[in-house]
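Trainee: This structure is in structure tokens; I'll ask about it shortly.
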Amino acid sequence: MKYNPFGKLDAQASRIAFGGWQLGNTEFWGDMSFEDGVKLVREAYESGVNLFDTAPDYANGMSEKIIGEALHDVRDKVIINTKLGHKADGTTDFSVDSIESQIKESLSRLQTDYLDSVILHNPDYDILSGKTEHFNELKRLKETGLIRSYGVSIDTYDELKIVIEKTNVEVIEILFNIFFQSPSALFTFVKHKKIALLTKVPLDSGWLTGKYDQNAKFEGIRARWDKNTIERRADLIRKMKIMTNDENLTKYAIAFILSHPGVTSVITGVKNSKQLQENIKAESFEIPYKLRQQFIDIYSQQIKNNPLPW
Ligand SMILES: NC(=O)c1ccc[n+]([C@@H]2O[C@H](COP(=O)([O-])OP(=O)(O)OC[C@H]3O[C@@H](n4cnc5c(N)ncnc54)[C@H](OP(=O)(O)O)[C@@H]3O)[C@@H](O)[C@H]2O)c1
């Protein structure tokens with residue numbers, strides 16, 4: 001595993017990071033017990049992954065608890081990034097006054113007394129454009145030692161543009177994969193500002209592994225896709241299999257993201273050891289230049305002007 005500097009922190013982050021959304025998340029992602037989650041997180045750590053992404057609302061606090069249980073004895077060797085705004089009890093609270101108490105609730109679930117990174121979980125444009133007190137409050141909490149860095153989790157080019165232009169965030173988690181490429185136009189700017197850039201949903205929620213086709217049936221969080229959306233994705237996957245001459249697209253999807261300057265880590269969500277190990281292995285694969293260009297072209301020609309829903 002190779003490591004990248006985590007923004008301006010004196011810390012190196014694994015290029016493959018662990019996504020905590022699936023941990024214990026029966027409602028959205030299917031069965032996973034607390035014990036199996038702890039084992040999976042620990043396996044990731046033993047395999048060289050040292051950056052863990054979670055949020056209070058993932059499985060109503062259970063994701064943070066699993067990560068805390070799995071890593072409390074190696075706390076100083078890992079980077080923990082959690083979020084705030086969407087709470088473990090299912091409510092949403094983006095008030096400035098609640099930031100410190102929300103962080104303290106996460107600390108308790110994570111069995112730690114500091115966070116390496118805290119990011120606002122899909123905040124609105126007023127916050128992203130620096131018109132509010134949120135980042136001043138986070139800066140204050142950084143000075144107290146409660147957190148080491150702060151930032152935002154966002155989805156689009158426009159959100160990325162405004163937040164890097166108008167604020168001093170140090171960490172950005174962004175939706176970015178072969179089907180969602182528009183933010184990459186700003187990655188050099190992000191790199192120049194020494195912001196830790198974490199990419200979420202790298203496999204398009206499983207599609208970019210190549211294992212789903214037009215007949216796929218989804219439950220949980222992925223039940224949102226209608227027939228047309230599934231068929232469009234299936235068609236793109238079919239074309240990518242021809243380009244790669246491979247049925248399994250996982251390593252190409254991950255290597256494509258890592259080929260972008262400025263990307264610190266790719267956060268992949270996994271449900272078992274096989275997926276975890278495959279994604280870790282993909283970190284050492286270098287995408288051929290021609291294929292990289294073909295993935296850029298397929299996005300430009302078939303998705304850019306008619307974006308897929310997430
Ligand atoms: N708003 C936010 O801040 C936000 C939003 C989304 C995600 N995230 C973070 O980003 C992480 C990653 O995003 P994501 O989990 O939504 O999407 P993802 O990583 O693109 O896809 C994850 C899903 O793909 C499948 N998968 C993963 N590796 C595989 C492999 N090697 N072979 C076959 N299937 C594989 C698994 O589902 P199946 O086996 O069921 O197909 C897994 O649940 C999350 O865990 C979370 O930490 C943050």
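All residue names refer to the structure tokens as shown: chains lettered A, B, ... in order, residues numbered from 1 in each chain, ligands numbered from 1 in order.
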Show me, as an NGL selection string, the residues that have an atom within 10 Å of Thr54 (chain A) when counting only C-alpha atoms, minus same-chain residues fewer than 5 positions from it.
Mentor: :A and (18-23 or 61-67 or 80-83 or 106 or 110 or 118)
Trainee: Can you work out which residues are within 7 Å of ligand 1, considering only C-alpha atoms and all ligand atoms, and then hand them over as a PDB file with N, CA and C atoms, in the first residue's frame?
Mentor:
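What landed in out16.pdb:
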ATOM      1  N   PHE A  18     -11.107   3.057   4.145  1.00  0.00           N
ATOM      2  CA  PHE A  18     -12.235   2.182   4.466  1.00  0.00           C
ATOM      3  C   PHE A  18     -13.506   3.020   4.612  1.00  0.00           C
ATOM      4  N   GLY A  19     -14.535   2.686   3.832  1.00  0.00           N
ATOM      5  CA  GLY A  19     -15.824   3.380   3.933  1.00  0.00           C
ATOM      6  C   GLY A  19     -16.722   2.706   4.965  1.00  0.00           C
ATOM      7  N   GLY A  20     -17.189   3.475   5.922  1.00  0.00           N
ATOM      8  CA  GLY A  20     -17.918   2.887   7.050  1.00  0.00           C
ATOM      9  C   GLY A  20     -19.426   2.817   6.890  1.00  0.00           C
ATOM     10  N   TRP A  21     -19.952   3.223   5.749  1.00  0.00           N
ATOM     11  CA  TRP A  21     -21.416   3.280   5.604  1.00  0.00           C
ATOM     12  C   TRP A  21     -22.064   1.886   5.720  1.00  0.00           C
ATOM     13  N   GLN A  22     -21.354   0.871   5.238  1.00  0.00           N
ATOM     14  CA  GLN A  22     -21.914  -0.481   5.212  1.00  0.00           C
ATOM     15  C   GLN A  22     -21.896  -1.159   6.583  1.00  0.00           C
ATOM     16  N   TRP A  29     -27.789  -1.602   3.437  1.00  0.00           N
ATOM     17  CA  TRP A  29     -26.793  -2.401   2.693  1.00  0.00           C
ATOM     18  C   TRP A  29     -26.879  -3.902   2.941  1.00  0.00           C
ATOM     19  N   ASP A  53     -13.386   6.166   7.202  1.00  0.00           N
ATOM     20  CA  ASP A  53     -14.433   7.175   7.026  1.00  0.00           C
ATOM     21  C   ASP A  53     -15.734   6.657   7.629  1.00  0.00           C
ATOM     22  N   THR A  54     -16.385   7.506   8.424  1.00  0.00           N
ATOM     23  CA  THR A  54     -17.643   7.093   9.020  1.00  0.00           C
ATOM     24  C   THR A  54     -18.537   8.315   9.213  1.00  0.00           C
ATOM     25  N   HIS A 121     -21.537  17.102   6.813  1.00  0.00           N
ATOM     26  CA  HIS A 121     -22.103  16.024   5.996  1.00  0.00           C
ATOM     27  C   HIS A 121     -23.136  16.594   5.009  1.00  0.00           C
ATOM     28  N   ASN A 122     -22.669  16.964   3.817  1.00  0.00           N
ATOM     29  CA  ASN A 122     -23.535  17.569   2.799  1.00  0.00           C
ATOM     30  C   ASN A 122     -24.265  18.818   3.303  1.00  0.00           C
ATOM     31  N   SER A 153     -18.188  17.161   3.225  1.00  0.00           N
ATOM     32  CA  SER A 153     -18.482  16.087   2.276  1.00  0.00           C
ATOM     33  C   SER A 153     -19.511  16.649   1.303  1.00  0.00           C
ATOM     34  N   ILE A 154     -19.190  16.580   0.014  1.00  0.00           N
ATOM     35  CA  ILE A 154     -20.025  17.214  -1.008  1.00  0.00           C
ATOM     36  C   ILE A 154     -20.152  16.304  -2.231  1.00  0.00           C
ATOM     37  N   GLU A 173     -14.373  15.605   1.014  1.00  0.00           N
ATOM     38  CA  GLU A 173     -14.780  14.276   0.535  1.00  0.00           C
ATOM     39  C   GLU A 173     -15.777  14.522  -0.595  1.00  0.00           C
ATOM     40  N   LYS A 200     -15.470   9.554  -2.614  1.00  0.00           N
ATOM     41  CA  LYS A 200     -16.463   8.578  -2.135  1.00  0.00           C
ATOM     42  C   LYS A 200     -17.205   7.962  -3.331  1.00  0.00           C
ATOM     43  N   VAL A 201     -17.849   6.828  -3.084  1.00  0.00           N
ATOM     44  CA  VAL A 201     -18.629   6.100  -4.105  1.00  0.00           C
ATOM     45  C   VAL A 201     -17.781   5.758  -5.347  1.00  0.00           C
ATOM     46  N   PRO A 202     -16.576   5.248  -5.154  1.00  0.00           N
ATOM     47  CA  PRO A 202     -15.663   5.022  -6.283  1.00  0.00           C
ATOM     48  C   PRO A 202     -16.152   3.963  -7.266  1.00  0.00           C
ATOM     49  N   LEU A 203     -16.993   3.036  -6.773  1.00  0.00           N
ATOM     50  CA  LEU A 203     -17.456   1.936  -7.632  1.00  0.00           C
ATOM     51  C   LEU A 203     -18.898   2.165  -8.071  1.00  0.00           C
ATOM     52  N   ASP A 204     -19.339   3.422  -8.011  1.00  0.00           N
ATOM     53  CA  ASP A 204     -20.733   3.741  -8.345  1.00  0.00           C
ATOM     54  C   ASP A 204     -21.669   2.782  -7.604  1.00  0.00           C
ATOM     55  N   SER A 205     -21.462   2.645  -6.319  1.00  0.00           N
ATOM     56  CA  SER A 205     -22.281   1.798  -5.434  1.00  0.00           C
ATOM     57  C   SER A 205     -22.296   0.334  -5.880  1.00  0.00           C
ATOM     58  N   GLY A 206     -21.254  -0.119  -6.536  1.00  0.00           N
ATOM     59  CA  GLY A 206     -21.146  -1.527  -6.945  1.00  0.00           C
ATOM     60  C   GLY A 206     -21.139  -1.720  -8.455  1.00  0.00           C
ATOM     61  N   THR A 209     -17.836  -2.384 -10.531  1.00  0.00           N
ATOM     62  CA  THR A 209     -17.120  -3.664 -10.430  1.00  0.00           C
ATOM     63  C   THR A 209     -17.401  -4.494 -11.674  1.00  0.00           C
ATOM     64  N   LYS A 211     -20.247  -6.246 -11.928  1.00  0.00           N
ATOM     65  CA  LYS A 211     -21.034  -7.447 -11.588  1.00  0.00           C
ATOM     66  C   LYS A 211     -22.544  -7.273 -11.799  1.00  0.00           C
ATOM     67  N   THR A 250     -13.311  -3.718 -11.419  1.00  0.00           N
ATOM     68  CA  THR A 250     -12.967  -3.069 -10.139  1.00  0.00           C
ATOM     69  C   THR A 250     -11.620  -2.338 -10.180  1.00  0.00           C
ATOM     70  N   ILE A 267     -12.139   6.134  -1.010  1.00  0.00           N
ATOM     71  CA  ILE A 267     -12.885   5.467   0.068  1.00  0.00           C
ATOM     72  C   ILE A 267     -13.819   4.438  -0.553  1.00  0.00           C
ATOM     73  N   THR A 268     -13.500   3.157  -0.384  1.00  0.00           N
ATOM     74  CA  THR A 268     -14.416   2.156  -0.920  1.00  0.00           C
ATOM     75  C   THR A 268     -15.243   1.549   0.209  1.00  0.00           C
ATOM     76  N   GLY A 269     -16.523   1.369  -0.061  1.00  0.00           N
ATOM     77  CA  GLY A 269     -17.395   0.683   0.892  1.00  0.00           C
ATOM     78  C   GLY A 269     -17.341  -0.799   0.589  1.00  0.00           C
ATOM     79  N   VAL A 270     -17.160  -1.624   1.620  1.00  0.00           N
ATOM     80  CA  VAL A 270     -17.087  -3.074   1.380  1.00  0.00           C
ATOM     81  C   VAL A 270     -17.977  -3.817   2.369  1.00  0.00           C
ATOM     82  N   LYS A 271     -18.398  -5.009   1.942  1.00  0.00           N
ATOM     83  CA  LYS A 271     -19.278  -5.810   2.789  1.00  0.00           C
ATOM     84  C   LYS A 271     -18.615  -7.083   3.297  1.00  0.00           C
ATOM     85  N   LYS A 274     -13.458 -10.471   0.937  1.00  0.00           N
ATOM     86  CA  LYS A 274     -13.086 -10.639  -0.474  1.00  0.00           C
ATOM     87  C   LYS A 274     -13.085  -9.274  -1.187  1.00  0.00           C
ATOM     88  N   GLN A 275     -14.143  -8.500  -0.962  1.00  0.00           N
ATOM     89  CA  GLN A 275     -14.231  -7.177  -1.596  1.00  0.00           C
ATOM     90  C   GLN A 275     -13.102  -6.270  -1.090  1.00  0.00           C
ATOM     91  N   LEU A 276     -12.884  -6.311   0.228  1.00  0.00           N
ATOM     92  CA  LEU A 276     -11.830  -5.475   0.822  1.00  0.00           C
ATOM     93  C   LEU A 276     -10.477  -5.770   0.176  1.00  0.00           C
ATOM     94  N   GLU A 278      -9.776  -7.265  -2.647  1.00  0.00           N
ATOM     95  CA  GLU A 278      -9.724  -6.940  -4.073  1.00  0.00           C
ATOM     96  C   GLU A 278      -9.480  -5.433  -4.272  1.00  0.00           C
ATOM     97  N   ASN A 279     -10.142  -4.640  -3.467  1.00  0.00           N
ATOM     98  CA  ASN A 279      -9.987  -3.186  -3.606  1.00  0.00           C
ATOM     99  C   ASN A 279      -8.588  -2.725  -3.180  1.00  0.00           C
TER     100      ASN A 279
END
Trainee: How many Å lie between CA of Gln302 (chain A) and CA of Met243 (chain A), rounded to one decimal?
Mentor: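 If I compute the distance from CA of Gln302 (chain A) to CA of Met243 (chain A), I get 15.0 Å.
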Trainee: Which polymer residues have any atom within 6 Å of an atom of region 156-163 of chain A, counting only C-alpha atoms, with same-chain residues fewer than 6 positions away left out, as a list in words?
Mentor: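 In the requested form, the answer reads Leu128, Ser129, Ser182 and Pro183 of chain A.
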Trainee: Filtering to N, CA and C atoms, could you give me those residues as a compact mmCIF listing (two decimals), in the first residue's frame?
Mentor:
# COMPACT_ATOMS: atom_id res chain seq x y z
N LEU A 128 -21.31 26.32 2.55
CA LEU A 128 -20.20 26.07 1.60
C LEU A 128 -19.59 27.37 1.09
N SER A 129 -20.38 28.43 1.07
CA SER A 129 -19.82 29.68 0.56
C SER A 129 -19.27 30.56 1.68
N SER A 182 -17.19 15.30 -13.34
CA SER A 182 -17.05 16.75 -13.49
C SER A 182 -16.14 17.42 -12.45
N PRO A 183 -16.08 16.96 -11.18
CA PRO A 183 -15.22 17.67 -10.22
C PRO A 183 -13.74 17.65 -10.57
Trainee: Can you work out which one of A:Asn272, A:Arg222, A:Glu283, A:Lys2 has the shortest atom-to-atom distance to Lys251 (chain A), counting only C-alpha atoms?
Mentor: A:Glu283
Trainee: Just to confirm, what's the straight-line distance from CA of Tyr252 (chain A) to CA of Ala282 (chain A) in Å (one decimal)?
Mentor: 7.7 Å
Trainee: Please provide the set of residues having any atom within 8 Å of Phe179 (chain A), restricted to only C-alpha atoms, with same-chain residues fewer than 6 positions apart removed, written as JSON, numbers by chain.
Mentor: {"A": [204, 299, 303, 308]}
Trainee: Generate the output file for the selected residues, C-alpha atoms, as a PDB file, in the first residue's frame.
Mentor:
ATOM      1  CA  ASP A 204     -20.733   3.741  -8.345  1.00  0.00           C
ATOM      2  CA  TYR A 299     -18.142  10.169 -19.736  1.00  0.00           C
ATOM      3  CA  ILE A 303     -22.973  11.193 -19.406  1.00  0.00           C
ATOM      4  CA  LEU A 308     -26.831   9.875 -14.213  1.00  0.00           C
TER       5      LEU A 308
END
Trainee: Excluding same-chain residues fewer than 2 positions from Thr188 (chain A), what lies within 7 Å of it counting only C-alpha atoms, as an MDAnalysis selection string?
Mentor: chainID A and resid 186 190:192 261:262
Trainee: Write the residues of the selection above to a file with N, CA and C atoms, as an mmCIF file, in the first residue's frame.
Mentor:
data_model
loop_
_atom_site.group_PDB
_atom_site.id
_atom_site.type_symbol
_atom_site.label_atom_id
_atom_site.label_comp_id
_atom_site.auth_asym_id
_atom_site.auth_seq_id
_atom_site.Cartn_x
_atom_site.Cartn_y
_atom_site.Cartn_z
ATOM 1 N N LEU A 186 -11.298 20.585 -11.176
ATOM 2 C CA LEU A 186 -10.810 21.459 -10.099
ATOM 3 C C LEU A 186 -9.747 20.795 -9.216
ATOM 4 N N VAL A 190 -7.340 22.046 -5.929
ATOM 5 C CA VAL A 190 -7.413 21.421 -4.600
ATOM 6 C C VAL A 190 -6.009 21.020 -4.146
ATOM 7 N N LYS A 191 -5.265 20.454 -5.063
ATOM 8 C CA LYS A 191 -3.896 20.005 -4.749
ATOM 9 C C LYS A 191 -3.022 21.201 -4.359
ATOM 10 N N HIS A 192 -3.158 22.261 -5.147
ATOM 11 C CA HIS A 192 -2.389 23.472 -4.894
ATOM 12 C C HIS A 192 -2.663 24.015 -3.477
ATOM 13 N N PRO A 261 -4.131 13.559 -10.288
ATOM 14 C CA PRO A 261 -3.315 14.297 -9.317
ATOM 15 C C PRO A 261 -4.226 14.992 -8.307
ATOM 16 N N GLY A 262 -3.817 15.002 -7.071
ATOM 17 C CA GLY A 262 -4.623 15.686 -6.057
ATOM 18 C C GLY A 262 -5.448 14.741 -5.215
#
Trainee: With only C-alpha atoms as the atoms that count, which of A:Phe218, A:Lys193, A:Ala234, A:Arg109 lies nearest to Phe28 (chain A)?
Mentor: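 Smallest distance to Phe28 (chain A) is found for A:Phe218.
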Trainee: Taking the DSSP secondary structure from the backbone, can you list the residues of region 57-264 of chain A that are alpha helix (DSSP H), as a VMD selection string?
Mentor: chain A and resid 62 to 71 99 to 109 125 to 128 134 to 144 157 to 166 187 to 192 227 to 244 250 to 258
